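Just below is one structure, and these are the notes that go with it.
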Amino acid sequence: METYLGLDFGGTKMLIGELDKDGRILSSKRYVTGFDDQEKATKAILGNLEDYKKTIGFQGEIKAAGLGIVGIVDNKKGEWVAMSHEITAPPVPMAALMEANLHVPCAVDNDVRSATTAELMLGQGKSTLDFIYLNVGTGLAAGVVTGGHIIRGANHNAGEIGHMVVDLQSQRTCVCGRKGCAENVVSGIGFTSQLKHYGLTELLNEQDRADVVRLFERADAGDAICSKITDYAADTLACVIMNLVRYSDPDTVILGGGVIGDGWLLEKVKMRLEPDTMRGVTNGIVFSSFSPANAGLIGAASLGMQLTDRRNQYERCV
């Protein structure tokens, strides 16, 4: 049986799993992360891979593997450039390190672009060549697909739409140095910051992060501050979506991420979308084909699938 290995490395956890060619998860294992150092994180990734091979093993014949990871990634070179927007060390040749361990072709990409690849190959994107995958989770980022190709950018930073300025009156400074960035409003980071600003610390979870379910419940119950926070978020996300639609002219907008997944916020966003702007989005705004819990793993494995497809196409051409 032909299978693919996915490694999904995030800020707090890592998932490694084996998938079949249709994207079904055959087995997986979860690991704790939480590293703030790229060298330590690299050692953990390779160590976890060794552990997976020993404790779980492979059910099929691994054809290729992929790693979806936070930060800046050079997909073409297979390098992990940085964990955040700041580049403080030489790039890590992650694809080569994985290939030395697994002895199969390996690919690496940013986590959101990995999820975008999954949509393109296995999900909602199979029926379109022009779509936006918008991830509303801990942060806010997008994968933009035009003509069947993911836009990556000269410095591998395309899709960082969380740093799109949407509020010129805002006095809150973002980590990028500007004020009024969307991620500070509509994301796990943004909701956490606002709850702390308004003193609603009872709506933070044990990890000191916003409990968005309780935030939404309080807004539904008529809490004035919670309503203010969520209305601001809906205004912001609607603005981001319409800006992106004007930019790349997609026929589909795909939403993913834990903040948006239950549909509560989307209903508020839809009320704020201008029909003239959205008329070309003929397939509408749809949810990701994959649950937030598995999207990263499926995305990582899809990088290996895509790499295999490209090599097969090359071999046919020569």
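Chain identifiers are assigned as A, B, and so on, following the order in which chains appear in the structure tokens; residues are numbered from 1 within each chain, and ligands are numbered from 1 in order of appearance.
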Open item on the list: What's around Gly6 (chain A) at 7 Å? Count only C-alpha atoms, leave out sequence neighbours fewer than 6 positions away in its own chain, and write the answer as a PyMOL selection string.
Closed with: chain A and resi 16-18+65-67+297-298+300-301
TODO: Quick one: everything within 7 Å of Thr146 (chain A), counting only C-alpha atoms, minus sequence neighbours fewer than 5 positions away in the same chain. Send it as a ChimeraX atom specification.
DONE: /A:129-131
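All residues of protein, DNA or RNA that reach within 9 Å of Asn135 (chain A), judged by only C-alpha atoms and not counting those fewer than 3 positions away in the chain, are Val112, Ala115, Thr138, Gly139, Leu140, Ala141, Ala142, Gly143, Ile254, Leu255, Gly256, Gly257, Gly258, Val259 and Ile260 of chain A.
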Open item on the list: For region 177-189 of chain A, find every residue with an atom within 8 Å (counting only C-alpha atoms), except residues of its own chain fewer than 6 positions away, and show them as a ChimeraX atom specification.
Closed with: /A:136-140,161-171,209-210,212,232-234,236-237,240,259
Open item on the list: as a PyMOL selection string, please: every residue in region 81-308 of chain A that a backbone DSSP assignment puts in strand (DSSP E).
Closed with: chain A and resi 81-82+106-110+131-136+140-146+149-150+252-256+285-287
Open item on the list: Give me the residues near Asp20 (chain A) as a VMD selection string, where near means some atom within 8 Å (using only C-alpha atoms) and where sequence neighbours in that chain fewer than 3 positions away do not count.
Closed with: chain A and resid 1 to 4 23 to 26
